[in-house]
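As provided, entry.cif (mmCIF, C-alpha atoms) reads as follows.
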data_final
#
loop_
_atom_site.label_atom_id
_atom_site.label_comp_id
_atom_site.auth_asym_id
_atom_site.auth_seq_id
_atom_site.Cartn_x
_atom_site.Cartn_y
_atom_site.Cartn_z
CA MET A 1 99.02 78.31 113.22
CA ILE A 2 100.02 78.75 109.56
CA ARG A 3 103.73 79.51 109.37
CA VAL A 4 104.76 81.87 106.56
CA GLN A 5 108.28 82.77 105.52
CA GLY A 6 108.59 86.16 103.84
CA PHE A 7 111.60 86.67 101.58
CA ALA A 8 112.24 90.39 101.04
CA LEU A 9 114.86 91.63 98.62
CA TYR A 10 115.78 94.64 100.79
CA GLY A 11 115.78 95.45 104.49
CA PRO A 12 113.10 97.48 106.32
CA LEU A 13 114.65 100.76 105.19
CA ALA A 14 112.92 99.99 101.88
CA ALA A 15 109.30 101.14 102.05
CA SER A 16 108.09 98.16 100.04
CA THR A 17 109.48 95.75 102.65
CA ARG A 18 107.85 97.65 105.49
CA TYR A 19 104.48 98.14 103.89
CA ARG A 20 104.00 94.99 101.81
CA LEU A 21 105.31 92.51 104.36
CA GLU A 22 106.25 93.67 107.83
CA GLN A 23 103.24 95.82 108.64
CA TYR A 24 100.98 92.80 108.08
CA ALA A 25 102.63 90.61 110.72
CA PRO A 26 100.57 91.71 113.78
CA GLY A 27 97.25 91.49 111.93
CA LEU A 28 98.09 88.13 110.39
CA ARG A 29 98.95 86.77 113.83
CA SER A 30 95.45 87.60 115.04
CA HIS A 31 94.15 85.37 112.22
CA GLY A 32 96.35 82.41 113.13
CA ILE A 33 99.15 83.20 110.66
CA GLU A 34 102.75 83.75 111.73
CA LEU A 35 104.76 85.82 109.22
CA GLN A 36 108.51 86.00 109.63
CA THR A 37 110.43 88.15 107.14
CA VAL A 38 114.09 87.78 106.20
CA HIS A 39 116.05 90.12 103.94
CA LEU A 40 118.67 89.47 101.28
CA LEU A 41 120.21 92.95 101.11
CA GLY A 42 119.88 94.75 104.42
CA ASP A 43 119.77 98.41 105.36
CA VAL A 44 123.56 98.79 105.20
CA TYR A 45 123.41 97.92 101.51
CA LEU A 46 120.66 100.49 100.88
CA GLN A 47 122.41 103.22 102.84
CA ARG A 48 125.60 102.71 100.88
CA ARG A 49 123.75 102.64 97.57
CA PHE A 50 121.85 105.83 98.42
CA ASN A 51 125.18 107.49 99.27
CA GLY A 52 126.76 106.34 96.01
CA ARG A 53 129.07 103.83 97.65
CA ALA A 54 129.53 100.23 96.56
CA ILE A 55 129.25 97.16 98.74
CA SER A 56 132.06 94.61 98.61
CA ALA A 57 131.80 91.31 96.75
CA GLN A 58 132.56 89.56 100.04
CA GLU A 59 129.53 91.14 101.70
CA LEU A 60 127.31 90.23 98.74
CA LEU A 61 128.47 86.63 98.90
CA LYS A 62 127.79 86.60 102.64
CA SER A 63 124.23 87.86 101.97
CA GLY A 64 123.73 85.18 99.31
CA PHE A 65 124.90 82.44 101.66
CA ALA A 66 122.57 83.71 104.40
CA ARG A 67 119.68 83.54 101.96
CA LEU A 68 120.50 79.92 101.12
CA VAL A 69 120.48 79.14 104.85
CA ASP A 70 117.06 80.78 105.16
CA LEU A 71 115.80 78.75 102.20
CA ALA A 72 116.98 75.54 103.88
CA LYS A 73 114.81 76.44 106.88
CA LEU A 74 111.76 76.79 104.64
CA ARG A 75 110.92 73.12 105.16
CA LYS A 76 109.76 74.08 108.67
CA ARG A 77 107.25 76.60 107.26
CA ASP A 78 103.95 76.12 105.44
CA VAL A 79 103.97 78.94 102.87
CA ALA A 80 106.52 81.35 101.40
CA ILE A 81 106.01 84.90 100.16
CA VAL A 82 108.65 86.08 97.69
CA HIS A 83 108.71 89.86 97.41
CA CYS A 84 110.27 91.08 94.14
CA GLU A 85 113.22 88.67 93.81
CA LEU A 86 114.61 85.76 95.75
CA LEU A 87 118.17 85.84 94.38
CA PRO A 88 119.44 88.21 91.66
CA LEU A 89 121.05 86.92 88.50
CA ILE A 90 119.70 83.38 88.63
CA PRO A 91 117.13 81.98 86.15
CA GLY A 92 113.47 81.66 87.05
CA TRP A 93 113.47 77.86 86.93
CA LEU A 94 116.34 77.76 89.43
CA GLU A 95 114.69 80.28 91.73
CA ARG A 96 111.55 78.14 91.72
CA SER A 97 113.57 75.03 92.59
CA PHE A 98 114.81 76.68 95.80
CA LEU A 99 111.24 77.09 97.04
CA SER A 100 110.31 73.81 98.68
CA LYS A 101 106.89 75.07 99.82
CA PRO A 102 103.95 76.65 97.94
CA TYR A 103 104.68 80.33 97.46
CA ILE A 104 103.01 83.66 96.80
CA TYR A 105 104.89 85.96 94.46
CA ASP A 106 104.40 89.60 95.49
CA PHE A 107 105.50 92.67 93.55
CA ASP A 108 104.80 96.40 93.62
CA ASP A 109 107.04 97.59 90.79
CA ALA A 110 107.66 96.65 87.15
CA PHE A 111 110.32 94.16 88.24
CA TYR A 112 109.80 92.12 85.09
CA LEU A 113 111.68 94.89 83.22
CA ARG A 114 114.77 94.40 85.39
CA TYR A 115 116.58 92.15 82.90
CA GLN A 116 114.88 93.56 79.80
CA ARG A 117 115.80 97.26 80.02
CA GLY A 118 118.79 99.37 81.04
CA ARG A 119 122.11 98.17 82.36
CA MET A 120 120.86 94.67 83.24
CA SER A 121 119.51 94.00 79.75
CA LYS A 122 122.77 92.24 78.83
CA PHE A 123 121.32 89.28 80.75
CA LYS A 124 118.09 89.29 78.75
CA PRO A 125 118.81 86.11 76.75
CA VAL A 126 119.00 84.10 79.98
CA LEU A 127 116.97 86.15 82.47
CA GLY A 128 114.51 88.12 80.34
CA ARG A 129 111.60 85.83 81.32
CA LYS A 130 112.74 85.17 84.88
CA PHE A 131 109.77 86.76 86.62
CA ASP A 132 107.29 85.31 84.14
CA GLN A 133 108.55 81.84 85.09
CA VAL A 134 108.43 82.62 88.82
CA MET A 135 104.82 83.76 88.48
CA GLU A 136 103.94 80.65 86.48
CA GLY A 137 105.08 78.49 89.39
CA ALA A 138 103.43 80.56 92.13
CA ALA A 139 100.41 79.30 94.04
CA ALA A 140 99.20 82.92 94.03
CA VAL A 141 100.42 86.32 92.82
CA THR A 142 99.72 89.63 94.57
CA ALA A 143 100.20 92.69 92.37
CA GLY A 144 100.43 96.25 93.65
CA ASN A 145 98.53 97.98 90.84
CA HIS A 146 96.32 97.16 87.89
CA GLU A 147 99.12 97.41 85.31
CA LEU A 148 101.13 94.84 87.25
CA LEU A 149 98.00 92.73 87.66
CA ARG A 150 97.42 92.80 83.90
CA TYR A 151 100.98 91.65 83.32
CA ALA A 152 100.80 88.91 85.95
CA GLY A 153 97.53 87.65 84.51
CA GLN A 154 99.42 86.46 81.43
CA PHE A 155 101.27 83.89 83.54
CA SER A 156 98.97 83.10 86.46
CA SER A 157 95.23 82.56 86.79
CA ARG A 158 95.69 83.13 90.52
CA ALA A 159 96.82 86.77 90.36
CA GLU A 160 95.00 89.37 92.42
CA PHE A 161 95.20 93.09 93.17
CA LEU A 162 96.81 93.99 96.50
CA PRO A 163 97.77 97.69 96.61
CA THR A 164 100.51 99.05 98.84
CA VAL A 165 98.62 100.59 101.75
CA VAL A 166 98.95 102.41 105.07
CA ASP A 167 97.62 101.70 108.53
CA LEU A 168 94.91 104.26 109.29
CA ASP A 169 95.81 104.10 112.98
CA HIS A 170 99.34 105.27 112.13
CA HIS A 171 98.81 107.73 109.29
CA LEU A 172 96.64 110.27 111.09
CA PRO A 173 95.80 113.84 109.98
CA ASP A 174 96.99 116.72 112.14
CA LYS A 175 95.50 120.00 110.93
CA THR A 176 97.55 122.07 113.39
CA ARG A 177 100.81 121.41 111.53
CA LYS A 178 100.70 123.96 108.73
CA SER A 179 103.24 126.56 107.59
CA SER A 180 102.42 130.19 106.84
CA THR A 181 104.18 129.67 103.50
CA PHE A 182 102.45 127.55 100.84
CA THR A 183 104.24 124.22 101.25
CA VAL A 184 104.61 121.54 98.60
CA GLY A 185 105.87 118.20 99.88
CA TRP A 186 107.37 115.01 98.47
CA ILE A 187 108.51 111.80 100.19
CA GLY A 188 110.60 109.10 98.56
CA SER A 189 114.16 107.84 98.12
CA PRO A 190 117.28 108.91 96.21
CA SER A 191 116.30 106.58 93.36
CA THR A 192 112.96 108.35 92.75
CA ALA A 193 114.06 111.94 93.51
CA PRO A 194 115.00 112.65 89.84
CA PHE A 195 111.25 112.71 89.07
CA LEU A 196 111.14 116.05 90.89
CA GLN A 197 112.63 117.64 87.77
CA GLU A 198 109.11 117.39 86.33
CA ILE A 199 107.90 120.18 88.64
CA VAL A 200 110.91 122.53 88.60
CA PHE A 201 109.45 124.89 85.99
CA PRO A 202 105.87 125.00 87.39
CA LEU A 203 107.16 125.73 90.90
CA SER A 204 109.59 128.39 89.69
CA GLU A 205 106.70 130.11 87.88
CA LEU A 206 104.51 129.83 90.98
CA ALA A 207 107.27 131.41 93.07
CA LYS A 208 107.09 134.54 90.88
CA GLU A 209 103.59 135.11 92.23
CA SER A 210 104.00 134.30 95.95
CA ALA A 211 106.26 132.52 98.41
CA VAL A 212 106.61 128.76 97.89
CA ARG A 213 108.34 126.12 100.00
CA LEU A 214 109.29 122.63 98.78
CA VAL A 215 110.03 119.95 101.39
CA VAL A 216 111.81 116.84 100.06
CA ILE A 217 111.94 113.86 102.43
CA GLY A 218 114.43 111.09 101.73
CA GLY A 219 116.01 112.31 98.49
CA ARG A 220 118.07 114.98 96.79
CA ALA A 221 116.07 118.13 96.02
CA PRO A 222 116.51 120.02 92.75
CA VAL A 223 117.50 123.69 92.67
CA ILE A 224 114.39 125.74 91.86
CA PRO A 225 114.71 129.50 91.29
CA GLY A 226 112.74 131.50 93.83
CA VAL A 227 111.60 128.45 95.83
CA GLN A 228 112.61 127.78 99.44
CA VAL A 229 113.82 124.16 99.21
CA GLU A 230 114.40 121.95 102.24
CA GLU A 231 115.92 118.47 102.22
CA VAL A 232 114.97 116.29 105.19
CA PRO A 233 116.35 112.78 105.84
CA TRP A 234 113.68 110.11 106.08
CA ASP A 235 112.95 108.99 109.62
CA ALA A 236 110.09 106.76 110.71
CA THR A 237 109.53 108.91 113.81
CA THR A 238 109.08 112.17 111.89
CA GLU A 239 107.56 111.28 108.50
CA ILE A 240 103.91 111.64 109.58
CA ASP A 241 104.51 115.03 111.22
CA LEU A 242 106.31 116.22 108.09
CA ILE A 243 103.55 115.03 105.76
CA ASN A 244 101.05 116.87 107.93
CA SER A 245 103.02 120.08 107.38
CA PHE A 246 102.31 119.93 103.61
CA ASP A 247 99.63 122.03 101.95
CA VAL A 248 99.86 119.69 98.98
CA GLY A 249 101.69 116.40 98.37
CA VAL A 250 103.09 115.62 94.92
CA MET A 251 104.07 112.57 92.91
CA PRO A 252 105.62 113.55 89.57
CA LEU A 253 106.57 110.74 87.18
CA HIS A 254 107.87 110.22 83.67
CA ASP A 255 105.43 108.46 81.37
CA ASP A 256 107.28 105.20 80.67
CA GLU A 257 106.98 101.48 81.39
CA TRP A 258 108.80 101.72 84.71
CA SER A 259 106.61 104.54 85.97
CA ARG A 260 103.43 102.81 84.90
CA GLY A 261 104.43 100.04 87.29
CA LYS A 262 104.57 102.41 90.29
CA CYS A 263 101.86 101.99 92.93
CA ALA A 264 101.06 105.65 93.77
CA PHE A 265 102.07 104.97 97.36
CA LYS A 266 103.30 108.53 97.97
CA LEU A 267 99.84 109.81 97.09
CA ILE A 268 98.22 107.28 99.41
CA GLN A 269 100.44 108.44 102.28
CA TYR A 270 99.52 112.09 101.71
CA MET A 271 95.82 111.34 101.32
CA ALA A 272 95.75 109.27 104.52
CA CYS A 273 96.94 112.39 106.34
CA ALA A 274 94.18 114.45 104.65
CA VAL A 275 96.67 116.31 102.45
CA PRO A 276 95.40 117.19 98.95
CA VAL A 277 97.49 115.78 96.11
CA ILE A 278 98.79 116.43 92.62
CA GLY A 279 100.27 113.61 90.58
CA SER A 280 101.40 112.95 87.05
CA ALA A 281 98.63 111.33 85.02
CA VAL A 282 100.59 108.08 84.77
CA GLY A 283 99.85 104.51 85.82
CA ALA A 284 98.28 103.91 89.23
CA ASN A 285 98.13 107.66 89.92
CA LYS A 286 95.14 107.77 87.57
CA THR A 287 93.36 105.11 89.62
CA VAL A 288 94.15 106.47 93.07
CA VAL A 289 93.48 110.19 92.48
CA THR A 290 89.93 111.32 91.83
CA SER A 291 88.89 114.89 91.08
CA ASP A 292 87.50 115.42 94.57
CA CYS A 293 90.81 114.66 96.34
CA GLY A 294 93.31 116.31 94.02
CA TYR A 295 94.57 116.82 90.48
CA LEU A 296 96.32 114.90 87.74
CA ALA A 297 98.72 116.77 85.47
CA THR A 298 100.23 115.97 82.09
CA ASN A 299 102.25 119.12 81.37
CA ASP A 300 103.74 122.25 82.96
CA ASP A 301 100.56 124.31 82.54
CA GLU A 302 98.42 121.69 84.27
CA TRP A 303 100.87 121.40 87.16
CA LEU A 304 100.98 125.18 87.54
CA ASN A 305 97.19 125.53 87.42
CA ALA A 306 96.77 122.75 89.99
CA PHE A 307 99.26 124.45 92.33
CA ARG A 308 97.41 127.75 91.94
CA ALA A 309 94.02 126.17 92.59
CA LEU A 310 95.18 124.68 95.89
CA ARG A 311 97.25 127.67 96.94
CA ASP A 312 94.44 130.16 96.41
CA ASN A 313 91.58 128.20 97.96
CA PRO A 314 92.08 126.94 101.53
CA ILE A 315 88.55 125.53 101.60
CA ARG A 316 89.28 123.49 98.48
CA ARG A 317 92.45 122.19 100.16
CA GLN A 318 90.49 121.12 103.22
CA GLN A 319 87.74 119.44 101.20
CA ALA A 320 90.23 117.65 98.96
CA GLY A 321 92.19 116.46 101.96
CA GLU A 322 89.07 115.08 103.65
CA ALA A 323 88.01 113.34 100.42
CA GLY A 324 91.48 111.82 100.09
CA ARG A 325 91.37 110.45 103.63
CA GLN A 326 87.97 108.94 102.89
CA ARG A 327 89.22 107.33 99.69
CA VAL A 328 92.13 105.73 101.52
CA THR A 329 89.74 104.53 104.22
CA GLU A 330 87.60 102.80 101.60
CA HIS A 331 90.28 101.36 99.30
CA TYR A 332 93.93 101.82 100.34
CA CYS A 333 94.39 100.92 103.99
CA LEU A 334 95.59 97.91 105.97
CA GLN A 335 92.13 97.51 107.41
CA VAL A 336 90.81 96.76 103.89
CA THR A 337 93.66 94.65 102.49
CA LEU A 338 94.51 92.50 105.54
CA PRO A 339 91.48 90.20 105.00
CA ARG A 340 92.52 89.75 101.35
CA LEU A 341 96.02 88.65 102.28
CA VAL A 342 94.68 86.38 105.02
CA ALA A 343 92.38 84.69 102.50
CA ALA A 344 95.19 84.30 99.94
CA ILE A 345 97.55 82.72 102.46
CA LYS A 346 94.88 80.32 103.72
CA ARG A 347 94.02 79.23 100.17
CA VAL A 348 97.69 78.51 99.44
CA ALA A 349 98.19 76.69 102.76
CA GLU A 350 95.15 74.49 102.12
CA LYS A 351 96.53 73.43 98.75
#

Structure re-expressed in structure tokens:
Amino acid sequence: MIRVQGFALYGPLAASTRYRLEQYAPGLRSHGIELQTVHLLGDVYLQRRFNGRAISAQELLKSGFARLVDLAKLRKRDVAIVHCELLPLIPGWLERSFLSKPYIYDFDDAFYLRYQRGRMSKFKPVLGRKFDQVMEGAAAVTAGNHELLRYAGQFSSRAEFLPTVVDLDHHLPDKTRKSSTFTVGWIGSPSTAPFLQEIVFPLSELAKESAVRLVVIGGRAPVIPGVQVEEVPWDATTEIDLINSFDVGVMPLHDDEWSRGKCAFKLIQYMACAVPVIGSAVGANKTVVTSDCGYLATNDDEWLNAFRALRDNPIRRQQAGEAGRQRVTEHYCLQVTLPRLVAAIKRVAEK
């Protein structure tokens, strides 16, 4: 049995932790690999952050100490997987020194911008190359999209593409769950909900022609004139049923470096449930969405025309949904990526 220690930055409330680490554990076990995942910042931290509340310095120190204890136990494991960041605000060379076993560095976002842009850029002189250094020391790197893979390839010859995927046995279509009102759906978190501003004008124009409903799961919905807007808390037990109630699933983005690092996971979730999609023509969206399973939009007119095309043609919606499910089956499901992760872990363990 190969023993693997997964180090997640956030608890399982974070989709990246659930889908890039924890969902693999049962399948890995069937291949003789035991994956145990520990978290630095748990679900309490995320819930407070999403509600705009701070976490105390004492609690952060407690989390940091717990991580050091977990690192001390690494000597009993064979391989480590570091997802996103081991410990914030420490240099790459120091982070590498804590890892006493060969490690895989895994990322599904443009984390390398963390100390180069925005409020954390004040640490750029010391931490600007942190993730470059961590990737240089990794026995393998798994990148969630091709933009991240291109970046990782500058620092590791052992980088490979591993998209964020769903389990086809869990994300199942249910064609009986449809509303009489044309329903646009979005799933995400409070941190990505501001992207919904990109579709406020197209949806308000669409609502002048016929009734429109927008369902927002896991984030704050914008006010859209004429549109029936519903905010629904994210819950693992209801998310699939809610996605199946959509006539179309959307993933609007800004066109910037951060967004180009996104992995189009929302679109993959919708497509797995045979829901047609519309996404901004940015980053991984352009790779995931083909013309037979949905639309890519670059401006208000293209969003509006895509909404109209799917609203007015139920047959097109059905065909696009079926094509999306097929595309996920071929490229973006656990059944496809599990063997890749198994092979990567075994290569690292052998070394």

Check: Using only C-alpha atoms, what residues lie at most 12 Å away from (102.5, 73.9, 106.3) (file coordinates), given as a ChimeraX atom specification?
Finding: /A:1-5,33-34,74-80,100-103,345-351

Margin query: Please list as a PyMOL selection string every residue within 8 Å of Thr183 (chain A), counting all atoms listed in the file and excluding residues in the same chain fewer than 6 positions away.
Written below: chain A and resi 212-215+245-248

Margin query: For the PyMOL selection byres ((chain A and resi 39) around 10), applied here, can you spell out every residue it catches as number ranges by chain?
Written below: A: 6-12, 17, 37-38, 40-43, 63, 66-67, 70, 83, 86

Note to self: Can you tell me which residues surround Arg20 (chain A) at a distance of at most 10 Å, considering only C-alpha atoms, apart from same-chain residues fewer than 2 positions away, and format the answer as number ranges by chain?
What the structure shows: A: 8, 15-18, 22-24, 83, 106-108, 142, 144, 162-166, 334

Residues as selected, C-alpha atoms, written as a short mmCIF file (atom, residue, chain, number, x, y, z; two decimals), in the frame of the given file, can you do that?
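Final file, result-v2.cif:
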data_model
loop_
_atom_site.label_atom_id
_atom_site.label_comp_id
_atom_site.auth_asym_id
_atom_site.auth_seq_id
_atom_site.Cartn_x
_atom_site.Cartn_y
_atom_site.Cartn_z
CA ALA A 8 112.24 90.39 101.04
CA ALA A 15 109.30 101.14 102.05
CA SER A 16 108.09 98.16 100.04
CA THR A 17 109.48 95.75 102.65
CA ARG A 18 107.85 97.65 105.49
CA GLU A 22 106.25 93.67 107.83
CA GLN A 23 103.24 95.82 108.64
CA TYR A 24 100.98 92.80 108.08
CA HIS A 83 108.71 89.86 97.41
CA ASP A 106 104.40 89.60 95.49
CA PHE A 107 105.50 92.67 93.55
CA ASP A 108 104.80 96.40 93.62
CA THR A 142 99.72 89.63 94.57
CA GLY A 144 100.43 96.25 93.65
CA LEU A 162 96.81 93.99 96.50
CA PRO A 163 97.77 97.69 96.61
CA THR A 164 100.51 99.05 98.84
CA VAL A 165 98.62 100.59 101.75
CA VAL A 166 98.95 102.41 105.07
CA LEU A 334 95.59 97.91 105.97
#

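Nearest residue to His171 (chain A) among A:Pro233, A:Ile268, A:Leu206, A:Gly64 is A:Ile268, counting only C-alpha atoms.
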
Supply region 123-134 of chain A as a PDB file, in the coordinates of the input, with N, CA and C atoms built in where the input has gaps.
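That gives us part.pdb:
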ATOM      1  N   PHE A 123     121.681  90.623  80.307  1.00  0.00           N
ATOM      2  CA  PHE A 123     121.320  89.280  80.750  1.00  0.00           C
ATOM      3  C   PHE A 123     119.987  88.807  80.154  1.00  0.00           C
ATOM      4  N   LYS A 124     119.427  89.596  79.269  1.00  0.00           N
ATOM      5  CA  LYS A 124     118.090  89.290  78.750  1.00  0.00           C
ATOM      6  C   LYS A 124     117.977  87.904  78.120  1.00  0.00           C
ATOM      7  N   PRO A 125     118.958  87.447  77.346  1.00  0.00           N
ATOM      8  CA  PRO A 125     118.810  86.110  76.750  1.00  0.00           C
ATOM      9  C   PRO A 125     118.563  84.999  77.765  1.00  0.00           C
ATOM     10  N   VAL A 126     119.143  85.138  78.955  1.00  0.00           N
ATOM     11  CA  VAL A 126     119.000  84.100  79.980  1.00  0.00           C
ATOM     12  C   VAL A 126     117.927  84.448  81.006  1.00  0.00           C
ATOM     13  N   LEU A 127     117.814  85.748  81.352  1.00  0.00           N
ATOM     14  CA  LEU A 127     116.970  86.150  82.470  1.00  0.00           C
ATOM     15  C   LEU A 127     115.758  86.991  82.068  1.00  0.00           C
ATOM     16  N   GLY A 128     115.585  87.239  80.789  1.00  0.00           N
ATOM     17  CA  GLY A 128     114.510  88.120  80.340  1.00  0.00           C
ATOM     18  C   GLY A 128     113.123  87.671  80.782  1.00  0.00           C
ATOM     19  N   ARG A 129     112.905  86.355  80.910  1.00  0.00           N
ATOM     20  CA  ARG A 129     111.600  85.830  81.320  1.00  0.00           C
ATOM     21  C   ARG A 129     111.621  85.299  82.763  1.00  0.00           C
ATOM     22  N   LYS A 130     112.600  85.711  83.522  1.00  0.00           N
ATOM     23  CA  LYS A 130     112.740  85.170  84.880  1.00  0.00           C
ATOM     24  C   LYS A 130     111.460  85.312  85.687  1.00  0.00           C
ATOM     25  N   PHE A 131     110.912  86.516  85.747  1.00  0.00           N
ATOM     26  CA  PHE A 131     109.770  86.760  86.620  1.00  0.00           C
ATOM     27  C   PHE A 131     108.487  86.158  86.056  1.00  0.00           C
ATOM     28  N   ASP A 132     108.419  86.024  84.737  1.00  0.00           N
ATOM     29  CA  ASP A 132     107.290  85.310  84.140  1.00  0.00           C
ATOM     30  C   ASP A 132     107.280  83.863  84.638  1.00  0.00           C
ATOM     31  N   GLN A 133     108.446  83.227  84.649  1.00  0.00           N
ATOM     32  CA  GLN A 133     108.550  81.840  85.090  1.00  0.00           C
ATOM     33  C   GLN A 133     108.251  81.691  86.579  1.00  0.00           C
ATOM     34  N   VAL A 134     108.711  82.666  87.385  1.00  0.00           N
ATOM     35  CA  VAL A 134     108.430  82.620  88.820  1.00  0.00           C
ATOM     36  C   VAL A 134     106.933  82.742  89.068  1.00  0.00           C
TER      37      VAL A 134
END
